[in-house]
>>> print(open('data-v4.cif').read())   # mmCIF, C-alpha atoms
data_query
#
loop_
_atom_site.label_atom_id
_atom_site.label_comp_id
_atom_site.auth_asym_id
_atom_site.auth_seq_id
_atom_site.Cartn_x
_atom_site.Cartn_y
_atom_site.Cartn_z
CA MET T 164 0.00 0.00 0.00
CA SER T 165 2.75 2.43 0.91
CA PRO T 166 4.24 3.96 -2.18
CA PRO T 167 8.01 4.29 -2.52
CA GLU T 168 9.37 7.03 -0.31
CA ASP T 169 11.99 8.42 -2.64
CA GLN T 170 9.34 9.71 -5.05
CA ALA T 171 7.11 11.21 -2.39
CA LEU T 172 6.52 14.93 -2.00
CA HIS T 173 8.01 16.20 1.22
CA GLY T 174 6.04 18.65 3.28
CA ALA T 175 6.57 20.09 6.71
CA ILE T 176 4.09 20.25 9.57
CA PHE T 177 2.89 23.75 9.00
CA GLU T 178 1.89 24.48 12.61
CA GLU T 179 5.31 23.70 14.04
CA SER T 180 7.29 26.29 12.23
CA ALA T 181 4.79 28.87 11.13
CA VAL T 182 4.60 32.35 12.52
CA LEU T 183 1.83 34.03 10.63
CA THR T 184 0.98 37.63 9.90
CA VAL T 185 -2.41 39.07 9.01
CA LYS T 186 -1.24 39.11 5.41
CA ASP T 187 -0.29 35.41 5.49
CA LEU T 188 -3.66 34.37 6.92
CA SER T 189 -5.46 36.56 4.43
CA ARG T 190 -3.60 34.94 1.55
CA ILE T 191 -3.86 31.33 2.73
CA CYS T 192 -7.57 31.62 3.57
CA ALA T 193 -8.29 33.82 0.55
CA VAL T 194 -10.11 36.55 2.48
CA ASP T 195 -9.54 40.26 2.96
CA GLU T 196 -6.99 41.32 5.57
CA ARG T 197 -9.82 43.35 7.12
CA HIS T 198 -11.66 40.09 7.79
CA ILE T 199 -8.70 38.67 9.72
CA VAL T 200 -8.48 41.88 11.75
CA GLU T 201 -12.18 41.55 12.59
CA PHE T 202 -11.56 38.00 13.80
CA VAL T 203 -8.91 39.34 16.18
CA GLU T 204 -11.16 42.14 17.40
CA GLU T 205 -13.93 39.65 18.14
CA GLY T 206 -11.57 37.27 19.93
CA VAL T 207 -11.86 34.52 17.32
CA LEU T 208 -8.11 34.67 16.65
CA HIS T 209 -5.45 35.38 19.21
CA VAL T 210 -2.35 37.45 18.57
CA VAL T 211 0.75 36.02 20.22
CA GLU T 212 3.18 38.92 19.84
CA THR T 213 1.32 42.12 20.40
CA ASP T 214 4.37 44.30 20.94
CA ALA T 215 5.85 43.53 17.54
CA ALA T 216 5.33 46.07 14.81
CA GLU T 217 3.04 43.57 13.12
CA TRP T 218 0.57 41.12 14.63
CA ARG T 219 1.84 37.53 14.81
CA PHE T 220 -0.15 34.32 15.05
CA THR T 221 0.87 30.74 15.71
CA GLY T 222 0.28 28.17 12.99
CA ALA T 223 -2.77 26.89 14.87
CA ALA T 224 -4.55 30.13 13.89
CA LEU T 225 -4.89 28.75 10.37
CA ARG T 226 -7.30 26.00 11.35
CA ARG T 227 -9.25 28.34 13.62
CA ALA T 228 -9.58 30.93 10.90
CA ARG T 229 -10.75 28.32 8.41
CA VAL T 230 -13.32 26.84 10.78
CA ALA T 231 -14.55 30.37 11.55
CA LEU T 232 -14.89 31.16 7.85
CA ARG T 233 -16.80 27.94 7.22
CA LEU T 234 -19.19 28.65 10.09
CA GLU T 235 -19.76 32.18 8.83
CA ARG T 236 -20.44 31.02 5.32
CA ASP T 237 -22.35 27.79 5.87
CA LEU T 238 -24.46 28.80 8.85
CA GLU T 239 -24.70 32.48 7.92
CA LEU T 240 -23.40 33.50 11.33
CA ASN T 241 -22.17 36.95 12.23
CA LEU T 242 -18.85 37.51 13.96
CA ALA T 243 -20.25 37.31 17.49
CA GLY T 244 -22.06 34.09 16.58
CA VAL T 245 -18.85 32.59 15.18
CA ALA T 246 -16.94 33.51 18.33
CA LEU T 247 -19.62 31.99 20.53
CA ALA T 248 -19.85 28.83 18.40
CA LEU T 249 -16.08 28.33 18.52
CA GLU T 250 -16.03 28.70 22.29
CA LEU T 251 -18.88 26.24 22.69
CA ILE T 252 -17.27 23.75 20.30
CA GLU T 253 -14.07 23.88 22.34
CA GLU T 254 -15.96 23.46 25.59
CA LEU T 255 -17.80 20.50 24.07
CA GLN T 256 -14.52 18.92 22.98
CA ARG T 257 -13.13 19.32 26.48
CA LEU T 258 -16.19 17.70 28.00
CA ARG T 259 -16.26 14.87 25.47
CA ARG T 260 -12.62 14.18 26.22
CA ALA T 261 -13.31 14.14 29.96
CA VAL T 262 -16.23 11.75 29.53
CA ARG T 263 -14.38 9.38 27.25
CA VAL T 264 -11.10 9.38 29.07
CA GLY T 265 -12.58 8.72 32.47
CA PRO T 266 -11.26 9.67 35.92
CA MET Y 402 -27.49 8.24 -11.58
CA GLU Y 403 -30.05 8.42 -8.82
CA PHE Y 404 -32.74 11.06 -8.68
CA LYS Y 405 -32.36 13.30 -5.63
CA ASP Y 406 -35.53 14.42 -3.90
CA TYR Y 407 -34.35 17.77 -2.62
CA TYR Y 408 -37.65 18.43 -0.84
CA LYS Y 409 -37.34 15.19 1.07
CA ILE Y 410 -33.72 15.88 1.95
CA MET Y 411 -34.73 19.27 3.36
CA GLY Y 412 -37.82 17.84 5.04
CA VAL Y 413 -40.12 20.44 3.47
CA ALA Y 414 -43.31 20.22 1.41
CA ARG Y 415 -43.12 20.78 -2.33
CA ASP Y 416 -45.05 24.01 -1.90
CA ALA Y 417 -42.85 25.28 0.93
CA THR Y 418 -42.21 29.01 0.97
CA GLU Y 419 -38.75 30.48 0.61
CA ALA Y 420 -38.82 31.33 4.31
CA GLN Y 421 -39.66 27.74 5.24
CA ILE Y 422 -36.86 26.42 3.06
CA LYS Y 423 -34.38 28.80 4.58
CA GLN Y 424 -35.50 27.85 8.08
CA ALA Y 425 -35.18 24.14 7.29
CA TYR Y 426 -31.73 24.68 5.81
CA ARG Y 427 -30.44 26.57 8.82
CA LYS Y 428 -31.67 23.90 11.19
CA LEU Y 429 -30.14 21.05 9.18
CA ALA Y 430 -26.93 22.97 8.53
CA ARG Y 431 -26.43 23.48 12.25
CA LYS Y 432 -27.18 19.83 12.88
CA TYR Y 433 -24.80 18.43 10.29
CA HIS Y 434 -22.09 21.03 9.96
CA PRO Y 435 -18.84 19.02 9.97
CA ASP Y 436 -17.15 21.47 12.32
CA VAL Y 437 -19.96 21.19 14.83
CA SER Y 438 -21.65 17.83 14.42
CA LYS Y 439 -20.60 14.49 15.79
CA GLU Y 440 -23.14 12.61 13.68
CA LYS Y 441 -21.40 9.78 11.86
CA ASP Y 442 -22.31 10.81 8.34
CA ALA Y 443 -22.31 14.55 9.10
CA GLU Y 444 -20.13 15.53 6.19
CA ALA Y 445 -22.14 13.59 3.62
CA ARG Y 446 -25.44 14.83 5.02
CA PHE Y 447 -24.20 18.40 5.15
CA LYS Y 448 -23.20 18.26 1.49
CA GLU Y 449 -26.54 16.78 0.55
CA VAL Y 450 -28.42 19.47 2.45
CA GLY Y 451 -26.21 22.20 0.97
CA GLU Y 452 -26.89 20.89 -2.50
CA ALA Y 453 -30.64 20.73 -1.89
CA TYR Y 454 -30.63 24.29 -0.55
CA GLU Y 455 -28.55 25.49 -3.47
CA VAL Y 456 -31.36 24.38 -5.77
CA LEU Y 457 -34.43 25.20 -3.71
CA LYS Y 458 -33.36 28.67 -2.59
CA SER Y 459 -32.95 29.86 -6.15
CA PRO Y 460 -36.30 30.49 -7.88
CA ASP Y 461 -34.74 29.65 -11.28
CA LYS Y 462 -33.19 26.39 -10.22
CA ARG Y 463 -36.19 25.41 -8.17
CA ALA Y 464 -38.54 26.02 -11.10
CA ALA Y 465 -36.28 23.99 -13.34
CA TYR Y 466 -36.06 21.20 -10.81
CA ASP Y 467 -39.84 21.17 -10.27
CA GLN Y 468 -40.29 20.72 -14.01
CA LEU Y 469 -38.72 17.30 -13.71
CA GLY Y 470 -41.81 16.29 -11.82
CA GLN Y 471 -42.19 13.88 -9.01
CA GLY Y 472 -42.02 10.14 -8.71
CA HIS Y 473 -38.40 9.82 -9.68
CA SER Y 474 -37.23 9.01 -6.20
CA GLY Y 475 -34.83 6.11 -6.03
CA GLN Y 476 -35.00 5.56 -9.77
CA GLU Y 477 -32.31 5.73 -12.33
CA PHE Y 478 -32.41 9.24 -13.62
CA LYS Y 479 -31.48 10.78 -16.95
CA PRO Y 480 -32.14 14.44 -17.58
CA PRO Y 481 -34.48 15.09 -20.52
CA PRO Y 482 -32.65 15.93 -23.75
CA ASP Y 483 -33.89 19.52 -23.88
CA TRP Y 484 -32.92 20.04 -20.27
CA GLY Y 485 -31.39 23.34 -19.36
CA SER Y 486 -32.67 25.34 -22.30
CA GLY Y 487 -34.23 28.60 -21.24
CA PHE Y 488 -32.76 28.63 -17.78
CA GLU Y 489 -29.78 30.52 -16.69
CA PHE Y 490 -28.12 29.79 -13.42
CA ALA Y 491 -26.03 32.22 -11.52
CA GLY Y 492 -26.02 32.47 -7.76
CA ALA Y 493 -23.24 31.76 -5.36
CA GLY Y 494 -22.54 28.20 -4.37
CA SER Y 495 -21.84 26.95 -0.90
CA GLY Y 496 -18.13 26.96 -1.58
CA ASP Y 497 -17.72 23.23 -1.79
CA PRO Y 498 -17.51 22.25 -5.40
CA SER Y 499 -18.24 18.57 -4.91
CA TYR Y 500 -21.92 18.26 -5.73
CA SER Y 501 -23.60 15.03 -6.74
CA ASP Y 502 -23.65 13.73 -10.30
CA PHE Y 503 -27.36 14.43 -10.26
CA PHE Y 504 -26.74 18.10 -9.55
CA GLU Y 505 -23.95 18.26 -12.09
CA SER Y 506 -26.11 16.77 -14.79
CA LEU Y 507 -28.82 19.36 -14.18
CA PHE Y 508 -26.94 22.50 -13.42
CA GLY Y 509 -23.42 21.72 -14.47
CA ALA Y 510 -20.49 23.81 -13.52
CA GLN Y 511 -22.27 27.12 -14.08
CA GLY Y 512 -24.67 26.17 -11.30
CA ARG Y 513 -22.01 26.78 -8.77
CA ALA Y 514 -19.87 29.42 -10.35
CA GLY Y 515 -19.14 32.62 -8.55
CA ASN Y 516 -18.38 31.13 -5.17
CA ARG Y 517 -14.76 31.98 -4.99
CA ARG Y 518 -13.80 34.07 -2.02
CA GLY Y 519 -11.28 36.74 -2.63
CA GLU Y 520 -8.77 36.85 -5.41
CA ALA Y 521 -5.32 35.43 -5.54
CA HIS Y 522 -2.66 37.96 -4.85
CA ALA Y 523 -0.87 39.22 -7.88
CA GLY Y 524 2.28 37.33 -8.68
CA GLN Y 525 1.35 34.09 -6.93
CA GLY Y 526 -1.20 31.39 -7.57
CA GLU Y 527 -3.92 30.76 -5.04
CA ASP Y 528 -3.27 28.47 -2.08
CA HIS Y 529 -5.30 25.29 -2.03
CA HIS Y 530 -6.71 23.35 0.88
CA ALA Y 531 -7.62 19.72 1.28
CA LYS Y 532 -8.43 17.38 4.12
CA VAL Y 533 -7.29 13.79 4.46
CA LEU Y 534 -7.94 10.91 6.83
CA LEU Y 535 -4.70 9.15 7.71
CA ASP Y 536 -4.06 5.93 9.55
CA LEU Y 537 -2.45 6.43 12.95
CA ASP Y 538 0.64 4.58 11.72
CA ALA Y 539 1.40 7.44 9.36
CA THR Y 540 2.14 9.83 12.20
CA LEU Y 541 3.66 7.22 14.52
CA HIS Y 542 6.32 6.21 12.05
CA GLY Y 543 6.10 8.73 9.23
CA GLY Y 544 6.10 7.41 5.71
CA ALA Y 545 4.81 7.90 2.22
CA ARG Y 546 1.07 7.75 1.61
CA GLN Y 547 -0.97 7.92 -1.54
CA LEU Y 548 -3.45 10.73 -0.88
CA THR Y 549 -6.52 11.30 -3.02
CA LEU Y 550 -7.55 14.93 -2.86
CA ARG Y 551 -10.47 16.79 -4.30
CA THR Y 552 -9.28 20.25 -5.06
CA PRO Y 553 -11.05 23.03 -6.89
CA GLU Y 554 -9.50 24.07 -10.16
CA ILE Y 555 -10.34 26.52 -12.87
CA ASP Y 556 -10.89 24.77 -16.17
CA ALA Y 557 -10.19 26.08 -19.66
CA GLN Y 558 -13.59 27.83 -19.74
CA GLY Y 559 -12.79 29.67 -16.53
CA ARG Y 560 -15.22 27.60 -14.47
CA LEU Y 561 -14.60 26.16 -11.05
CA VAL Y 562 -14.48 22.39 -11.17
CA SER Y 563 -13.61 19.80 -8.59
CA LYS Y 564 -10.72 17.67 -9.68
CA GLU Y 565 -9.47 14.47 -8.18
CA ARG Y 566 -5.78 14.47 -7.66
CA VAL Y 567 -3.55 11.71 -6.38
CA LEU Y 568 -0.40 12.78 -4.61
CA ASN Y 569 2.33 10.70 -3.12
CA VAL Y 570 3.16 12.50 0.09
CA GLN Y 571 5.74 11.85 2.75
CA VAL Y 572 3.73 12.24 5.96
CA PRO Y 573 5.80 14.03 8.61
CA LYS Y 574 6.25 11.91 11.71
CA GLY Y 575 4.42 13.33 14.72
CA ILE Y 576 1.73 15.31 12.90
CA LEU Y 577 -1.45 15.77 14.94
CA ALA Y 578 -5.12 15.91 13.98
CA GLY Y 579 -6.02 19.44 12.93
CA GLN Y 580 -2.51 20.25 11.78
CA HIS Y 581 -1.58 20.85 8.16
CA ILE Y 582 1.03 19.45 5.82
CA ARG Y 583 2.21 22.31 3.65
CA LEU Y 584 3.36 21.40 0.17
CA ALA Y 585 5.03 24.37 -1.41
CA GLY Y 586 4.16 24.97 -5.05
CA GLN Y 587 1.32 22.41 -5.16
CA GLY Y 588 -1.50 24.97 -5.14
CA ALA Y 589 -3.05 26.74 -8.11
CA ARG Y 590 -0.89 27.24 -11.16
CA PRO Y 591 -1.68 30.64 -12.60
CA ALA Y 592 -1.35 31.28 -16.30
CA GLY Y 593 1.99 32.74 -17.30
CA ALA Y 594 5.20 32.62 -15.38
CA ALA Y 595 3.82 33.46 -11.95
CA ALA Y 596 4.72 31.17 -9.07
CA PRO Y 597 2.17 28.49 -8.12
CA GLY Y 598 0.38 28.66 -4.77
CA ASP Y 599 0.84 26.21 -1.93
CA LEU Y 600 -1.24 23.24 -0.89
CA TYR Y 601 -2.35 22.87 2.72
CA ILE Y 602 -3.52 19.41 3.69
CA GLU Y 603 -5.41 19.24 6.97
CA VAL Y 604 -4.89 15.95 8.74
CA ASP Y 605 -7.37 13.85 10.65
CA PHE Y 606 -7.12 10.22 11.71
CA GLN Y 607 -9.21 7.16 11.05
CA PRO Y 608 -10.36 5.58 14.28
CA HIS Y 609 -7.78 3.06 15.49
CA PRO Y 610 -9.02 -0.37 16.57
CA LEU Y 611 -7.09 -0.22 19.87
CA TYR Y 612 -6.10 3.35 20.67
CA ARG Y 613 -8.14 6.50 21.21
CA ILE Y 614 -6.39 9.57 19.92
CA GLU Y 615 -6.60 12.71 22.06
CA GLY Y 616 -4.35 15.36 20.59
CA ARG Y 617 -0.82 14.04 21.03
CA ASP Y 618 -1.83 11.41 23.63
CA LEU Y 619 -3.06 7.88 23.01
CA TYR Y 620 -5.40 5.92 25.28
CA LEU Y 621 -5.84 2.18 25.54
CA ASP Y 622 -8.54 0.42 27.54
CA LEU Y 623 -6.78 -2.58 29.07
CA PRO Y 624 -8.88 -5.38 30.56
CA VAL Y 625 -7.36 -7.00 33.66
CA SER Y 626 -8.68 -9.79 35.86
CA PRO Y 627 -9.92 -8.98 39.39
CA TRP Y 628 -6.86 -10.68 40.93
CA GLU Y 629 -4.42 -8.83 38.65
CA ALA Y 630 -6.02 -5.59 39.79
CA ALA Y 631 -6.12 -6.58 43.46
CA LEU Y 632 -2.69 -8.18 43.81
CA GLY Y 633 -0.74 -6.38 41.13
CA ALA Y 634 0.78 -8.09 38.11
CA ALA Y 635 2.89 -7.61 35.02
CA VAL Y 636 0.66 -7.99 31.96
CA LYS Y 637 1.37 -7.92 28.25
CA THR Y 638 0.17 -4.64 26.77
CA PRO Y 639 0.19 -3.47 23.16
CA THR Y 640 1.76 -0.04 22.58
CA PRO Y 641 2.54 1.78 19.33
CA THR Y 642 6.17 0.75 19.68
CA GLY Y 643 5.46 -2.91 20.40
CA THR Y 644 4.21 -5.12 23.18
CA VAL Y 645 5.50 -4.27 26.67
CA ASP Y 646 5.17 -5.89 30.08
CA LEU Y 647 3.15 -3.37 32.03
CA LYS Y 648 3.28 -3.40 35.79
CA ILE Y 649 -0.19 -3.16 37.32
CA PRO Y 650 0.07 -1.80 40.87
CA ALA Y 651 -1.68 -3.71 43.64
CA ALA Y 652 -5.09 -2.38 44.69
CA ALA Y 653 -5.75 -0.99 41.22
CA HIS Y 654 -9.37 -0.47 40.28
CA ALA Y 655 -11.46 0.09 37.19
CA GLY Y 656 -10.52 3.44 35.67
CA THR Y 657 -7.00 3.48 37.11
CA LYS Y 658 -4.88 5.37 34.60
CA LEU Y 659 -1.28 4.39 34.02
CA ARG Y 660 0.96 6.69 32.02
CA LEU Y 661 3.79 5.63 29.75
CA LYS Y 662 5.58 8.91 29.25
CA GLY Y 663 6.57 9.84 25.73
CA ARG Y 664 4.98 6.80 24.12
CA GLY Y 665 2.16 8.69 22.44
CA ILE Y 666 2.40 10.45 19.09
CA PRO Y 667 6.05 11.43 18.50
CA ALA Y 668 5.31 15.13 18.13
CA SER Y 669 7.41 17.80 19.76
CA PRO Y 670 6.95 17.51 22.65
CA PRO Y 671 5.95 13.84 22.32
CA GLY Y 672 2.58 12.71 23.63
CA ASP Y 673 2.03 10.14 26.34
CA PHE Y 674 0.46 6.71 26.21
CA TYR Y 675 -2.27 6.11 28.79
CA VAL Y 676 -3.55 2.73 29.84
CA VAL Y 677 -7.00 2.81 31.45
CA LEU Y 678 -7.74 -0.34 33.42
CA GLN Y 679 -10.97 -2.21 33.06
CA ILE Y 680 -11.85 -5.10 35.31
CA ALA Y 681 -12.99 -8.13 33.34
CA LEU Y 682 -14.97 -10.68 35.31
CA PRO Y 683 -14.47 -14.34 34.49
CA PRO Y 684 -17.73 -15.98 33.36
CA ALA Y 685 -19.33 -18.26 35.92
CA ASP Y 686 -20.38 -20.80 33.38
CA ASP Y 687 -19.04 -24.04 34.81
CA VAL Y 688 -18.99 -25.82 38.15
CA LYS Y 689 -15.41 -24.86 38.95
CA ALA Y 690 -15.93 -21.16 38.31
CA LYS Y 691 -19.15 -21.17 40.32
CA ALA Y 692 -17.33 -22.84 43.22
CA ALA Y 693 -14.61 -20.19 43.07
CA TYR Y 694 -17.18 -17.38 43.19
CA ALA Y 695 -18.94 -19.14 46.07
CA ALA Y 696 -15.62 -19.30 47.92
CA PHE Y 697 -15.22 -15.55 47.42
CA ALA Y 698 -18.69 -14.96 48.81
CA ALA Y 699 -17.94 -17.09 51.84
CA GLU Y 700 -14.48 -15.63 52.52
CA LEU Y 701 -14.87 -11.90 51.79
CA PRO Y 702 -17.12 -9.66 53.86
CA PHE Y 703 -17.69 -7.35 50.90
CA ASN Y 704 -20.69 -5.09 50.38
CA PRO Y 705 -20.35 -3.24 47.05
CA ARG Y 706 -23.39 -1.12 48.02
CA ALA Y 707 -22.06 0.11 51.35
CA SER Y 708 -21.89 3.69 50.07
CA LEU Y 709 -25.60 3.56 49.21
CA GLY Y 710 -26.49 2.94 52.83
CA VAL Y 711 -28.09 -0.43 52.22
#
>>> encode(input="data-v4.cif", output="structure tokens")
Amino acid sequence: MSPPEDQALHGAIFEESAVLTVKDLSRICAVDERHIVEFVEEGVLHVVETDAAEWRFTGAALRRARVALRLERDLELNLAGVALALELIEELQRLRRAVRVGP
Amino acid sequence: MEFKDYYKIMGVARDATEAQIKQAYRKLARKYHPDVSKEKDAEARFKEVGEAYEVLKSPDKRAAYDQLGQGHSGQEFKPPPDWGSGFEFAGAGSGDPSYSDFFESLFGAQGRAGNRRGEAHAGQGEDHHAKVLLDLDATLHGGARQLTLRTPEIDAQGRLVSKERVLNVQVPKGILAGQHIRLAGQGARPAGAAAPGDLYIEVDFQPHPLYRIEGRDLYLDLPVSPWEAALGAAVKTPTPTGTVDLKIPAAAHAGTKLRLKGRGIPASPPGDFYVVLQIALPPADDVKAKAAYAAFAAELPFNPRASLGV
């Protein structure tokens, strides 16, 4: 099943090395930079280095931004709704983990 | 190709108003949205609902669809030869280009044109995104995998089409669910000499028969006998790096969690491997076993319901 390794495309784990700017997220997610800024203002995305001249995000912001965009688009949510949904989803994941994993 | 009853999928009557259709869509979309739902077939159902809504929310498409009449459900379906004449479909799609063959045959690619968000930056092709389900082994050991991706592409007529693409990718060891493999230069190839975009592959894992995956940690439910739990024992235990002899401490109970540090997913930092004990009771299905249980009953003054006050 496993194809030969020498012909395989090599990729890196994006989250481990990436430090992202508003511009990067805007490009990768194909949305306006303004939209990314709104996500930060609403608390959907978290800036890690606020004192730098430019906002910086960890690589994990990519997935969060993409989930937020999908929720906005598919469920026609506004920003506050997206922020609330993300928080509830995370809470739900925590609880599910606690239930499954046991004491 | 099977006829799709979009009204049935949405759970609305054929004479439902636009408001009713919208309401039904929102309810179903919340229920089956893949980022929210834990329903088994959420993704498939969500696509189906999205497709149904795409048709029923647009007066043009809905009128065209209604013309096909009823009674097709479950049957082989071929669109009538004059199908599509006199209708023009615009409207924004849901963003996912993978609609059913049924939809494609009726509305074709123009049915879902115009759903592209934003424009690629000048000088570089657009970045693409895909999601794959990997086996746990891929991250435990790394290795090449044949990945089948559905990625949107712009065809020669400038339309957005979903194309199947098979890539041979070296999976980085230690990648976690929700993380992305970035393949530089594997995104959209713009016309001309501009640089291609990148491809981001979001990773998730197929359920493993033995281990539960929680971020970088792995969990195994390990059945032990009552005497192994009570007296302590060394028992054979499967781990991702092979079978080990695991020491069960004396006076262990159901739910006792034993941690094997660093034996989870080899990310940085590496995850841990947790063994959660379960007490398995031997069946009392022969004379010898029954006698053993009876001896327990006679020897042990044990009331499992003491905490209930009875």
>>> resolve_selection(input="data-v4.cif", expression="the PyMOL selection byres ((chain Y) within 7 of (chain T))", output="JSON, numbers by chain")
{"Y": [427, 430, 431, 436, 437, 495, 518, 519, 520, 521, 528, 544, 545, 546, 547, 569, 570, 571, 573, 576, 579, 580, 581, 582, 583, 584, 656]}
>>> resolve_selection(input="data-v4.cif", expression="the PyMOL selection byres ((chain T and resi 207-211) around 12)", output="PyMOL selection string")
chain T and resi 182-185+188+198-206+212-215+217-232+234-235+241-250+253
>>> write_last_selection(input="data-v4.cif", atoms="C-alpha atoms", output="PDB file, in the frame of the given file")
ATOM      1  CA  VAL T 182       4.600  32.350  12.520  1.00  0.00           C
ATOM      2  CA  LEU T 183       1.830  34.030  10.630  1.00  0.00           C
ATOM      3  CA  THR T 184       0.980  37.630   9.900  1.00  0.00           C
ATOM      4  CA  VAL T 185      -2.410  39.070   9.010  1.00  0.00           C
ATOM      5  CA  LEU T 188      -3.660  34.370   6.920  1.00  0.00           C
ATOM      6  CA  HIS T 198     -11.660  40.090   7.790  1.00  0.00           C
ATOM      7  CA  ILE T 199      -8.700  38.670   9.720  1.00  0.00           C
ATOM      8  CA  VAL T 200      -8.480  41.880  11.750  1.00  0.00           C
ATOM      9  CA  GLU T 201     -12.180  41.550  12.590  1.00  0.00           C
ATOM     10  CA  PHE T 202     -11.560  38.000  13.800  1.00  0.00           C
ATOM     11  CA  VAL T 203      -8.910  39.340  16.180  1.00  0.00           C
ATOM     12  CA  GLU T 204     -11.160  42.140  17.400  1.00  0.00           C
ATOM     13  CA  GLU T 205     -13.930  39.650  18.140  1.00  0.00           C
ATOM     14  CA  GLY T 206     -11.570  37.270  19.930  1.00  0.00           C
ATOM     15  CA  GLU T 212       3.180  38.920  19.840  1.00  0.00           C
ATOM     16  CA  THR T 213       1.320  42.120  20.400  1.00  0.00           C
ATOM     17  CA  ASP T 214       4.370  44.300  20.940  1.00  0.00           C
ATOM     18  CA  ALA T 215       5.850  43.530  17.540  1.00  0.00           C
ATOM     19  CA  GLU T 217       3.040  43.570  13.120  1.00  0.00           C
ATOM     20  CA  TRP T 218       0.570  41.120  14.630  1.00  0.00           C
ATOM     21  CA  ARG T 219       1.840  37.530  14.810  1.00  0.00           C
ATOM     22  CA  PHE T 220      -0.150  34.320  15.050  1.00  0.00           C
ATOM     23  CA  THR T 221       0.870  30.740  15.710  1.00  0.00           C
ATOM     24  CA  GLY T 222       0.280  28.170  12.990  1.00  0.00           C
ATOM     25  CA  ALA T 223      -2.770  26.890  14.870  1.00  0.00           C
ATOM     26  CA  ALA T 224      -4.550  30.130  13.890  1.00  0.00           C
ATOM     27  CA  LEU T 225      -4.890  28.750  10.370  1.00  0.00           C
ATOM     28  CA  ARG T 226      -7.300  26.000  11.350  1.00  0.00           C
ATOM     29  CA  ARG T 227      -9.250  28.340  13.620  1.00  0.00           C
ATOM     30  CA  ALA T 228      -9.580  30.930  10.900  1.00  0.00           C
ATOM     31  CA  ARG T 229     -10.750  28.320   8.410  1.00  0.00           C
ATOM     32  CA  VAL T 230     -13.320  26.840  10.780  1.00  0.00           C
ATOM     33  CA  ALA T 231     -14.550  30.370  11.550  1.00  0.00           C
ATOM     34  CA  LEU T 232     -14.890  31.160   7.850  1.00  0.00           C
ATOM     35  CA  LEU T 234     -19.190  28.650  10.090  1.00  0.00           C
ATOM     36  CA  GLU T 235     -19.760  32.180   8.830  1.00  0.00           C
ATOM     37  CA  ASN T 241     -22.170  36.950  12.230  1.00  0.00           C
ATOM     38  CA  LEU T 242     -18.850  37.510  13.960  1.00  0.00           C
ATOM     39  CA  ALA T 243     -20.250  37.310  17.490  1.00  0.00           C
ATOM     40  CA  GLY T 244     -22.060  34.090  16.580  1.00  0.00           C
ATOM     41  CA  VAL T 245     -18.850  32.590  15.180  1.00  0.00           C
ATOM     42  CA  ALA T 246     -16.940  33.510  18.330  1.00  0.00           C
ATOM     43  CA  LEU T 247     -19.620  31.990  20.530  1.00  0.00           C
ATOM     44  CA  ALA T 248     -19.850  28.830  18.400  1.00  0.00           C
ATOM     45  CA  LEU T 249     -16.080  28.330  18.520  1.00  0.00           C
ATOM     46  CA  GLU T 250     -16.030  28.700  22.290  1.00  0.00           C
ATOM     47  CA  GLU T 253     -14.070  23.880  22.340  1.00  0.00           C
TER      48      GLU T 253
END
>>> atom_distance(input="data-v4.cif", atom1="CA of Met411 (chain Y)", atom2="CA of Arg551 (chain Y)")
25.6 Å
>>> atom_distance(input="data-v4.cif", atom1="CA of Ala631 (chain Y)", atom2="CA of Pro683 (chain Y)")
14.5 Å
>>> residues_around(input="data-v4.cif", residues="Leu457 (chain Y)", least_positions_apart="4", cutoff="10 Å", atoms="all atoms listed in the file", output="PyMOL selection string")
chain Y and resi 407-408+411+415+417-419+422-423+426+451-453+461-467
>>> residues_around(input="data-v4.cif", residues="Thr638 (chain Y)", least_positions_apart="3", cutoff="12 Å", atoms="only C-alpha atoms", output="PyMOL selection string")
chain Y and resi 611-612+621-625+634-635+641-649+659+661+674-678
>>> atom_distance(input="data-v4.cif", atom1="CA of Ala685 (chain Y)", atom2="CA of Trp628 (chain Y)")
15.4 Å
>>> resolve_selection(input="data-v4.cif", expression="the PyMOL selection byres ((chain Y and resi 604) around 7)", output="PyMOL selection string")
chain Y and resi 532-535+578-581+602-603+605-606
>>> closest_residue(input="data-v4.cif", among="Y:Arg660, Y:Thr640, Y:Leu600, Y:Ala592", to="Ala557 (chain Y)", atoms="only C-alpha atoms")
Y:Ala592
>>> build_atoms(input="data-v4.cif", residues="region 441-446 of chain Y", atoms="N, CA and C atoms", output="short mmCIF file (atom, residue, chain, number, x, y, z; two decimals), in the frame of the given file")
data_model
loop_
_atom_site.label_atom_id
_atom_site.label_comp_id
_atom_site.auth_asym_id
_atom_site.auth_seq_id
_atom_site.Cartn_x
_atom_site.Cartn_y
_atom_site.Cartn_z
N LYS Y 441 -22.35 10.60 12.62
CA LYS Y 441 -21.40 9.78 11.86
C LYS Y 441 -21.23 10.25 10.42
N ASP Y 442 -22.37 10.47 9.76
CA ASP Y 442 -22.31 10.81 8.34
C ASP Y 442 -22.51 12.31 8.13
N ALA Y 443 -22.05 13.10 9.13
CA ALA Y 443 -22.31 14.55 9.10
C ALA Y 443 -21.87 15.18 7.78
N GLU Y 444 -20.66 14.85 7.36
CA GLU Y 444 -20.13 15.53 6.19
C GLU Y 444 -20.97 15.24 4.95
N ALA Y 445 -21.34 13.97 4.78
CA ALA Y 445 -22.14 13.59 3.62
C ALA Y 445 -23.52 14.25 3.69
N ARG Y 446 -24.12 14.22 4.87
CA ARG Y 446 -25.44 14.83 5.02
C ARG Y 446 -25.37 16.33 4.79
#
